[in-house]
Each structure stands twice: as C-alpha cells, then as structure tokens.
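Engineer: Have a look at the structure that comes next, please.
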Amino acid sequence: MKAIRTVSLLLALLICLPLLTGCHGAKRTDAFIVPESFDDSREYEISFWAKNDTNVTQTRIYEKAIEDFEALYPNIDISLKLYTDYGKIYNDVITNIPTGTTPNVCITYPDHIATYITGENTVVPLDGLFENEKYGLGGSGLLYDGVSYEQIIPKFLEECTIGGIHYAMPYMRSTEACYVNKTYVEKLGYTLPETLTWDFVFEVAEAAMEKDENGNFRLNGQKVMIPFIYKSTDNMMIQMLKQKNAGYSTERGDILLFNDTTKELLSEIAVHAGTGAFSTFKISSYPANFLNAGQCIFAIDSTAGATWMGTDAPLSDISEDKLVDFETEVMMIPQFDTGAPQMISQGPSICVFNKQDPQEVLASWLFAQYLLTNDVQIAYSQTEGYVPVTSKAQESAVYKDYLSREGEDNELYYDIKLKAARLLLDNTENTFVTPVFNGSASLRNAAGQLIENVTKSMRRREEVNDVYFTELYDDITALYRLDGQNNMSDTRMELGELPLMSKLLIGTIVLAWVLIGVYILAEKVKKHKK
Amino acid sequence: MKKLFALLLALLMLASLAACGGSTDDTSINDSQSVSDTVADESGEDTAEDPAEEAVSVMSYAEYEAAALDTEVVVETYVQAKQGWWEDNGVGKATFYTQDEDGAYFIYDMPCTKEDYDAMTVGSKIKVTGYKAEWSGEVEIIDATYEILEGNYVAQAKDVTALLGTDELIKSQNQFVSFKGMTVEASKDADGNDVPYLYKWDGSGQDGDDLYFNVSLDGNTYTFTVESYLCDSSTDVYAAVKALNIGDKIDMEGFLYWYEGVNPHITAVTAAE
C-alpha cells in the first residue's frame, strides 16, 4: 500500500511538472547553428525585402545583384520585394513574425531589429557567421570575392550591434546635409560661414520673411517662402540634443528626452515656426520641391536625397517652369559648437531572419554577404549621396575615379550628390547613432513628433508655454508608450523555455514540499492510529 | 488523506498556472496589438462623445473654402472612397475622399477604429472636425476627428475634361470627376523604352505599387495615377491600366487629387465612347 502511494505521488508530480515548465514559452524556431557545409544539391527560395528611395537605378542594381548572385548559385532563387519606406518594412516584418513568414533577408534599421529580436530566435546573430572559415566574411567557400571583417568600416559595423551581438551588417551609410540656396543668402547680405550654426540659419530665415506691398516675399517675388525646412524632425531633435550634450536616452533604454534642454530647443523652434520661417516635410512637403522652386533657402535632408536638390537636379517633382536658377551649397547640418561638429549616421543595414532549416539560413547569409561586394557597394552608392560601407570599396580605383569626376555631368557625376557623399566621407568620425533597444524606434518618433506638434501649434496660433509643454510631454509619452522607467520593460519579453537546471531546481523544491507534507500526514495518521 | 492529497495537488497546479500565466505566445508584437485596441477605443470615444465638439458650428463648403489654412474646420460630408486602414503606433488611421453637394474634402490620416472604418461605406455621412492644411498643393483636413451621422449621398462624376489646363480646374479639387476621350501617351521606362504605364513615377516599383500613366488632350499631357492604397492590384482599374496601349482613347473616373499640380487618383478606365 505504501509503495502504491509513493508511486501515485511521483506520477502526480510528473503530471504537474510540465505545467511549470512547458508553458513558459511558446514553441518557436531553434537557434541557428552554422551547418558544416552548404548543401548545393537542394533548391532554395530566398525572399529579400529591400528599400529604395523611389529611384529606378537602385531597383536595377538590386535586380542585377540578384541576377549575378543567382548565376553563381543557380540553386538559390532570390525574390525581391521593394519598399520606399523603412516604416512599412518594419510594419510588415512585425506582422509576419507571429506567422513565421518573415523574409529571409531584409534591409532594415537596428532600431527595428531591437523589436524583432523580442521574439526568440527571430533574427540570426551574425557573429558566428562572420567568423566561419568557409562561409564567413571573406570565407574560403564563397564563390565570389567577399569582404573580410576588417574591411567593413568599424564605426558602421559597430552600429549594427545590440547588446554586444551583431544582428545586422551595414549596407549603405548616409548622413544629413543642409542644401543651401547660396544665391539667396548673399542676396540678403549674408556670407555663408565655413560651418553653419543654428543661430545663423534662423537669423537668415527670419530676414527672408520680409514682404513687399503686394504681399510677395521680397527675396523671391513669390507668394510662398519657407526659408528653413527640415525633412526628418526626429533627426533634428536628436542631433540638437547631442550637440547640446543633453539627454535623449541611455544605452539601456532609459528615456531622457523630456528634459529642459528639449523645452528650450522647442521654444526656439516655436518662434520661427510662428513667423513661418521654419516648417517641416510633414507639414509642408519635400524640402527639395521648395528649394528648387526658389521658395526655401536651407533644406535639410539626407545625403541620400542629394539627386533631388538644386536647379540641375536629375530628379525633380516640380515642373520645369517652376524651377529657379540658383547656386547650391552642400553643407554640414547646423551646429551649436562648430569646433566639435556632430551629425547622425544613418542608412540601411541588412539582417538575416532565422528559419527552421539551417541550410536556408545559410543560403540567405550567402546572399546577404554578397551585397557587400564591390560591384554592389559602388554601384548602389553612386545612385545617391551614399557611401560604401567597406574600405575595400571606398579605396578601390573605381570609386576613387568616381569621386574625382565631380560635376562632369548632371547624372552619374552630379556635383551636389558627390559633395554630399564627400561630406560623410570627410566626417565619418563626427557621426553618431542613438542607443538601440526595444522601444528606441518609438522614442525616435516621439522626438520628431515634439517638433511637429510645436510647429503645428504655432501655425494654429495656439499658445506655447509651460503648461503647453507639460501637456505635450504627457501626450507624447502616452502616445509612444514611453512611460515605463525602461522601455525594455514596456513589452512582455519572451524568455523561452526554462533551462534544464531551472526545471530540476523547481522540481526538487516541489518534491521536497510534497515529501514534507506526506511526512506530516503520515505522522498524523500514525498518531491517530495510536 | 485523499482530501488532503487532492488539495495539495490543486494548490500545486494553481501555483504552476499562475507562475506561467500570460507567457504563452504573447510577444511584444501581440502586445502592441492590445495597446492599439485600447487607443483605438479611446479614439472612438473622443470623436463620438466630446461635448465641446457640439459647440463648434458646421461649415458650408463655401465657408470651408474661405477658411484660412491652419484654422479649425468642421464639416458634414459624405464618404466617396477610402484608402486602406492601417495602424500607426497602435492608432488606427485612414484617409477618406469625401464630398457633399457643393464640394469635396480630402481627409488625411484620420484616426479611426477598424469597426468604424468598415462601417463607413460609399455615401456614409460623417461630421469631421480638424484643421485645414495644404501639402504640395493638395488642400486637406488633418488631425481630424469624426462622428458617424445618419444620411447618405453618392456624388456623380463631374466631367472636368474641358477644364484641364485651366485655372478653373483647381476649384474642383478632390471631387469625383471624369475625363472623356483622352489619349494614352508613352512613358519612358528606365531603359528609355516607351511604355504605357510605370510602377511608381519612375518605374522603380513593382506590381502592387502605384501605377503612373500619361494621357493627353489637345496637345497637353498629364500624369494620372492609380493610387494603390485606394485601388490595389486586385481592382478592375489596376488591371485596366496594365492593359492599356499607347494611343488608346479612354474615358476615366477618379478623384481630383493634387501633387505639385493636378494628379488625379483614377478609379475607373474604359475605352472612350
């Protein structure tokens, strides 16, 4: 009888243990382990989600890269899906994670990857692949001339780490530039300094607001003039705060954005939004359209938007009769301290999504790595004011020749585009990125939204004062769900199945309590019988 | 003994269930969904029950037209078409082409619950409170809230063919319009070939993206668009434009959208009568 009881207890415990352990994490993809060798006897379908800047040449380069890669690896079929917006890629990836239908390879931003990796084994950590002798960076088993680890610009590669692990590789890099209508600046009686300051830009912008008796702006004789337009207001706020050495976030995800320096900056921006001297892309439209129509003096946009800037820009959204002839200067974004310039580093990176089949992941990696080869790097960088992310490409004769031919035509050698690329090449060490954590993408949006809201409010003649800022901070905090002490704790983290040791420990504790209970009960029964 | 044993097991099971509660398949992504639901609900309450909004008087189209940019506007209008519903940071949004008997109102990115979005069909009457704005020439209502009202009106397409190239055309901005007897002109693809349409404005897109095509009348050429959020690749108009040939004479219907000039969002294409 005693033996039966013991067995019953043990069976009951065995039934209960899975409740403790089995429901800790949902079933998901196993961690990727690099296969010993690539099985080229099989066929692979690899999906590649990429971003282009609504630029047909970029599309063609992706298509050519795929064609060239497939010629080397006939058993790998790459299907390309194009986006023109990083945000849409992000939304689509997030939608596809729960169903396991993520792409194999994806152009993305580290901020976004930080969210992707909250799902277990969603994105492949690349460090193991980097080092793999056969298929790693510059590996012996590659069928193309790959780049070595050392040949990826360290600063750009570092931007792809989260918690010390590489979850991406840089694909292209850009920064922001201020595209200036130099003709108008001088017409207003100013001389462009070597480095722009925020004070200078705001001062000139205000000077440009003077109107004649017919209500036209004296500077351009038109009804429209927005002297200073910023495309990406999140970058604007982030860079201003960095230059001021003010808080934005910590490395571990503490939110510091809502501080007094931010309020000071917003107050300054509000003044110029109120006079109409400053506006944003979201509120007014593309800076390039206003710049090229002679309706803007300082247009701040990515160096990857350089082909849209200037009278002779190869790309334009406005009709020829609206184009105005002026001299364009490509300058570093305005600074608070011209002696220590700081500017954002941005641009697409590449990540590889994990799949059940390690061979499929390896095929994805082979393609991802192919995008860093010289042919792809140099060709893509030439489509805009991008720079290649490898020293191998940057130091190649082909790329050096390209840079030396600035202004030879208004297409491949368009001077504004080449000047924009040079701006980043000359200032790579002055670039920075913001900390990446789960929620950093929301924080970035919040930073921009502060400027958008203040600008709109001033245009709507609302009062922008301390009460306004208190409400604004509260609203933006709530909207972007930034009210946790650490955004990492905002979202429920998937921790995966319990480790074996934890299971044993819990099991032992439970067993001990049960045995104690059994002992006490047995003692009571004994006493009762006596 | 049996009772105690059963109690012990029940406690054990309870503890184990509580310990792992909520950790089944909730990822951060699903988490954001739950937040979005909350926000969307709040959005619905704001639009439907804010008594302050009742005090704002509804404008006629003439009053709306006369209102300055960046001022608050309130209109009662009728949905004529809608672009796809989407979530922005957990808040549902949609863009609406609306019109009353006197003029049209383009309502951009209005926070809207999925339920209300689905409930708003062609002709549905809504009261919209927002701010008048202009983006690249397109006059629109932004930062809007809404209230669904009783009523129905479906606009008939207004023939604006004769107004093309005139200053009068912009007065019909955003209205449901038609164009008769226009000729399909060539667009240049990336290789310099003449083609009847492009995916995106320069051919950089793919199937499913916006379609751009050129049509002419009296020697003037205009670029028209099939906006993929309005008419996706499964629609008749998307297929019709993909079947066009250079030189075809066609009639079209659509909404008189503006982007740095007239850029209609076409919803129907047929062979010219």
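Numbering starts fresh at 1 for the residues of each chain in the structure tokens, the chains themselves are lettered A, B, ... in the order given, and ligands are numbered from 1 as they appear.
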Please provide the set of residues having any atom within 12 Å of Met343 (chain A), restricted to only C-alpha atoms, with same-chain residues fewer than 6 positions apart removed, written as an NGL selection string.
Structural biologist: :A and (174-178 or 235-243 or 302-303 or 331-337 or 423-424 or 426-434)
Engineer: Could you take the residues named above and write them with N, CA and C atoms, as an mmCIF file, in the first residue's frame?
Structural biologist:
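Saved file part38.cif follows:
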data_model
loop_
_atom_site.group_PDB
_atom_site.id
_atom_site.type_symbol
_atom_site.label_atom_id
_atom_site.label_comp_id
_atom_site.auth_asym_id
_atom_site.auth_seq_id
_atom_site.Cartn_x
_atom_site.Cartn_y
_atom_site.Cartn_z
ATOM 1 N N SER A 174 24.657 57.077 -44.888
ATOM 2 C CA SER A 174 24.451 58.467 -45.280
ATOM 3 C C SER A 174 24.412 59.290 -43.998
ATOM 4 N N THR A 175 24.339 60.575 -44.148
ATOM 5 C CA THR A 175 24.079 61.454 -43.009
ATOM 6 C C THR A 175 23.105 62.501 -43.513
ATOM 7 N N GLU A 176 22.914 63.572 -42.775
ATOM 8 C CA GLU A 176 22.085 64.664 -43.281
ATOM 9 C C GLU A 176 22.977 65.793 -43.756
ATOM 10 N N ALA A 177 22.468 66.525 -44.748
ATOM 11 C CA ALA A 177 23.189 67.698 -45.228
ATOM 12 C C ALA A 177 22.218 68.861 -45.291
ATOM 13 N N CYS A 178 22.778 70.070 -45.209
ATOM 14 C CA CYS A 178 21.958 71.265 -45.414
ATOM 15 C C CYS A 178 22.245 71.754 -46.836
ATOM 16 N N ASN A 235 15.438 63.345 -36.548
ATOM 17 C CA ASN A 235 16.878 63.607 -36.622
ATOM 18 C C ASN A 235 17.222 65.000 -36.104
ATOM 19 N N MET A 236 16.375 65.960 -36.426
ATOM 20 C CA MET A 236 16.635 67.343 -35.987
ATOM 21 C C MET A 236 16.757 67.397 -34.465
ATOM 22 N N MET A 237 15.771 66.835 -33.792
ATOM 23 C CA MET A 237 15.794 66.883 -32.325
ATOM 24 C C MET A 237 16.965 66.067 -31.768
ATOM 25 N N ILE A 238 17.177 64.888 -32.322
ATOM 26 C CA ILE A 238 18.253 64.016 -31.825
ATOM 27 C C ILE A 238 19.615 64.701 -31.964
ATOM 28 N N GLN A 239 19.834 65.333 -33.110
ATOM 29 C CA GLN A 239 21.139 65.961 -33.338
ATOM 30 C C GLN A 239 21.315 67.216 -32.489
ATOM 31 N N MET A 240 20.235 67.979 -32.348
ATOM 32 C CA MET A 240 20.327 69.179 -31.498
ATOM 33 C C MET A 240 20.674 68.784 -30.060
ATOM 34 N N LEU A 241 20.007 67.750 -29.572
ATOM 35 C CA LEU A 241 20.273 67.314 -28.198
ATOM 36 C C LEU A 241 21.705 66.797 -28.053
ATOM 37 N N LYS A 242 22.154 66.052 -29.039
ATOM 38 C CA LYS A 242 23.517 65.515 -28.984
ATOM 39 C C LYS A 242 24.535 66.652 -28.977
ATOM 40 N N GLN A 243 24.299 67.626 -29.857
ATOM 41 C CA GLN A 243 25.220 68.759 -29.916
ATOM 42 C C GLN A 243 25.227 69.555 -28.619
ATOM 43 N N SER A 302 18.459 64.064 -46.128
ATOM 44 C CA SER A 302 19.530 63.075 -46.151
ATOM 45 C C SER A 302 20.494 63.341 -47.310
ATOM 46 N N THR A 303 21.739 62.924 -47.120
ATOM 47 C CA THR A 303 22.653 62.972 -48.263
ATOM 48 C C THR A 303 22.167 61.989 -49.334
ATOM 49 N N MET A 331 26.219 71.716 -47.291
ATOM 50 C CA MET A 331 26.921 71.983 -46.032
ATOM 51 C C MET A 331 26.524 70.997 -44.936
ATOM 52 N N MET A 332 27.411 70.903 -43.979
ATOM 53 C CA MET A 332 27.118 70.128 -42.777
ATOM 54 C C MET A 332 25.866 70.718 -42.112
ATOM 55 N N ILE A 333 25.087 69.914 -41.426
ATOM 56 C CA ILE A 333 23.921 70.458 -40.717
ATOM 57 C C ILE A 333 24.393 71.505 -39.707
ATOM 58 N N PRO A 334 23.524 72.450 -39.321
ATOM 59 C CA PRO A 334 23.948 73.485 -38.358
ATOM 60 C C PRO A 334 24.435 72.872 -37.049
ATOM 61 N N GLN A 335 25.331 73.592 -36.398
ATOM 62 C CA GLN A 335 25.953 73.117 -35.160
ATOM 63 C C GLN A 335 25.791 74.152 -34.055
ATOM 64 N N PHE A 336 25.825 73.684 -32.818
ATOM 65 C CA PHE A 336 25.917 74.619 -31.689
ATOM 66 C C PHE A 336 27.382 74.922 -31.384
ATOM 67 N N ASP A 337 28.239 73.918 -31.557
ATOM 68 C CA ASP A 337 29.668 74.109 -31.326
ATOM 69 C C ASP A 337 30.395 73.733 -32.617
ATOM 70 N N LEU A 423 30.825 64.745 -47.896
ATOM 71 C CA LEU A 423 30.529 65.263 -46.560
ATOM 72 C C LEU A 423 30.611 64.157 -45.517
ATOM 73 N N LEU A 424 30.057 63.004 -45.848
ATOM 74 C CA LEU A 424 30.102 61.887 -44.902
ATOM 75 C C LEU A 424 31.496 61.251 -44.865
ATOM 76 N N ASP A 426 34.269 62.653 -45.252
ATOM 77 C CA ASP A 426 35.176 63.537 -44.500
ATOM 78 C C ASP A 426 34.817 63.627 -43.023
ATOM 79 N N ASN A 427 33.604 63.203 -42.677
ATOM 80 C CA ASN A 427 33.133 63.398 -41.300
ATOM 81 C C ASN A 427 32.682 62.109 -40.627
ATOM 82 N N THR A 428 33.136 60.979 -41.146
ATOM 83 C CA THR A 428 32.687 59.706 -40.561
ATOM 84 C C THR A 428 32.930 59.677 -39.058
ATOM 85 N N GLU A 429 34.043 60.236 -38.634
ATOM 86 C CA GLU A 429 34.364 60.210 -37.204
ATOM 87 C C GLU A 429 33.521 61.191 -36.396
ATOM 88 N N ASN A 430 32.834 62.091 -37.079
ATOM 89 C CA ASN A 430 31.960 63.039 -36.367
ATOM 90 C C ASN A 430 30.508 62.564 -36.332
ATOM 91 N N THR A 431 30.282 61.355 -36.798
ATOM 92 C CA THR A 431 28.903 60.853 -36.802
ATOM 93 C C THR A 431 28.615 60.074 -35.521
ATOM 94 N N PHE A 432 27.342 59.934 -35.250
ATOM 95 C CA PHE A 432 26.930 59.159 -34.072
ATOM 96 C C PHE A 432 25.612 58.462 -34.374
ATOM 97 N N VAL A 433 25.299 57.489 -33.577
ATOM 98 C CA VAL A 433 23.972 56.858 -33.623
ATOM 99 C C VAL A 433 23.404 56.865 -32.216
ATOM 100 N N THR A 434 22.105 56.721 -32.121
ATOM 101 C CA THR A 434 21.461 56.701 -30.809
ATOM 102 C C THR A 434 21.404 55.265 -30.294
#
Engineer: Write out as a PyMOL selection string the residues lying within 7 Å of region 251-258 of chain B, counting only C-alpha atoms and excluding same-chain residues fewer than 2 positions away.
Structural biologist: chain B and resi 137-138+157+173-182+260-272
Engineer: Give me the residues of region 174-209 of chain A that have any atom at most 7 Å from an atom of region 263-277 of chain A; for each, the nearest atom pair and the distance in Å, rounded to one decimal. Use only C-alpha atoms, sort by chain and number, and format it as a Markdown table.
Structural biologist:
| residue | atom | partner | partner_atom | distance |
| --- | --- | --- | --- | --- |
| A:Ala205 | CA | A:Ala277 | CA | 5.5 |
| A:Glu206 | CA | A:Ala277 | CA | 5.7 |
| A:Met209 | CA | A:Ala277 | CA | 6.6 |
Engineer: Can I get the selected residues back with N, CA and C atoms, as a short mmCIF file (atom, residue, chain, number, x, y, z; two decimals), in the first residue's frame?
Structural biologist:
data_model
loop_
_atom_site.label_atom_id
_atom_site.label_comp_id
_atom_site.auth_asym_id
_atom_site.auth_seq_id
_atom_site.Cartn_x
_atom_site.Cartn_y
_atom_site.Cartn_z
N ALA A 205 16.88 83.02 -42.02
CA ALA A 205 15.50 82.60 -42.33
C ALA A 205 14.51 83.72 -41.98
N GLU A 206 14.71 84.34 -40.84
CA GLU A 206 13.81 85.44 -40.46
C GLU A 206 13.96 86.63 -41.41
N MET A 209 11.82 86.70 -44.52
CA MET A 209 10.35 86.75 -44.39
C MET A 209 9.75 88.10 -44.77
#
Engineer: Could you state the separation of CA of Gly294 (chain A) and CA of Gly385 (chain A) in Å, given to one decimal place?
Structural biologist: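 Calculated distance between CA of Gly294 (chain A) and CA of Gly385 (chain A) is 22.2 Å.
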Engineer: To one decimal in Å, tell me the separation between CA of Met120 (chain B) and CA of Ser234 (chain B).
Structural biologist: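 So the answer is 20.9 Å.
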Engineer: Would you mind listing what lies within 9 Å of Asn181 (chain A) as a PDB file with C-alpha atoms, in the first residue's frame, with only C-alpha atoms counted and same-chain residues fewer than 6 positions away left out?
Structural biologist:
ATOM      1  CA  LEU A 291      14.342  74.700 -52.638  1.00  0.00           C
ATOM      2  CA  ASN A 292      14.234  74.135 -56.380  1.00  0.00           C
ATOM      3  CA  GLY A 294      13.181  79.255 -55.046  1.00  0.00           C
ATOM      4  CA  CYS A 296      13.395  77.790 -49.489  1.00  0.00           C
ATOM      5  CA  ILE A 297      16.956  78.714 -48.501  1.00  0.00           C
ATOM      6  CA  PHE A 298      18.002  75.963 -46.108  1.00  0.00           C
ATOM      7  CA  ALA A 299      16.704  72.500 -46.989  1.00  0.00           C
ATOM      8  CA  GLY A 310      19.442  72.024 -56.888  1.00  0.00           C
ATOM      9  CA  PHE A 326      20.449  79.435 -58.092  1.00  0.00           C
ATOM     10  CA  GLU A 327      23.793  78.263 -56.730  1.00  0.00           C
ATOM     11  CA  THR A 328      23.530  75.327 -54.329  1.00  0.00           C
ATOM     12  CA  GLU A 329      25.960  74.789 -51.464  1.00  0.00           C
TER      13      GLU A 329
END
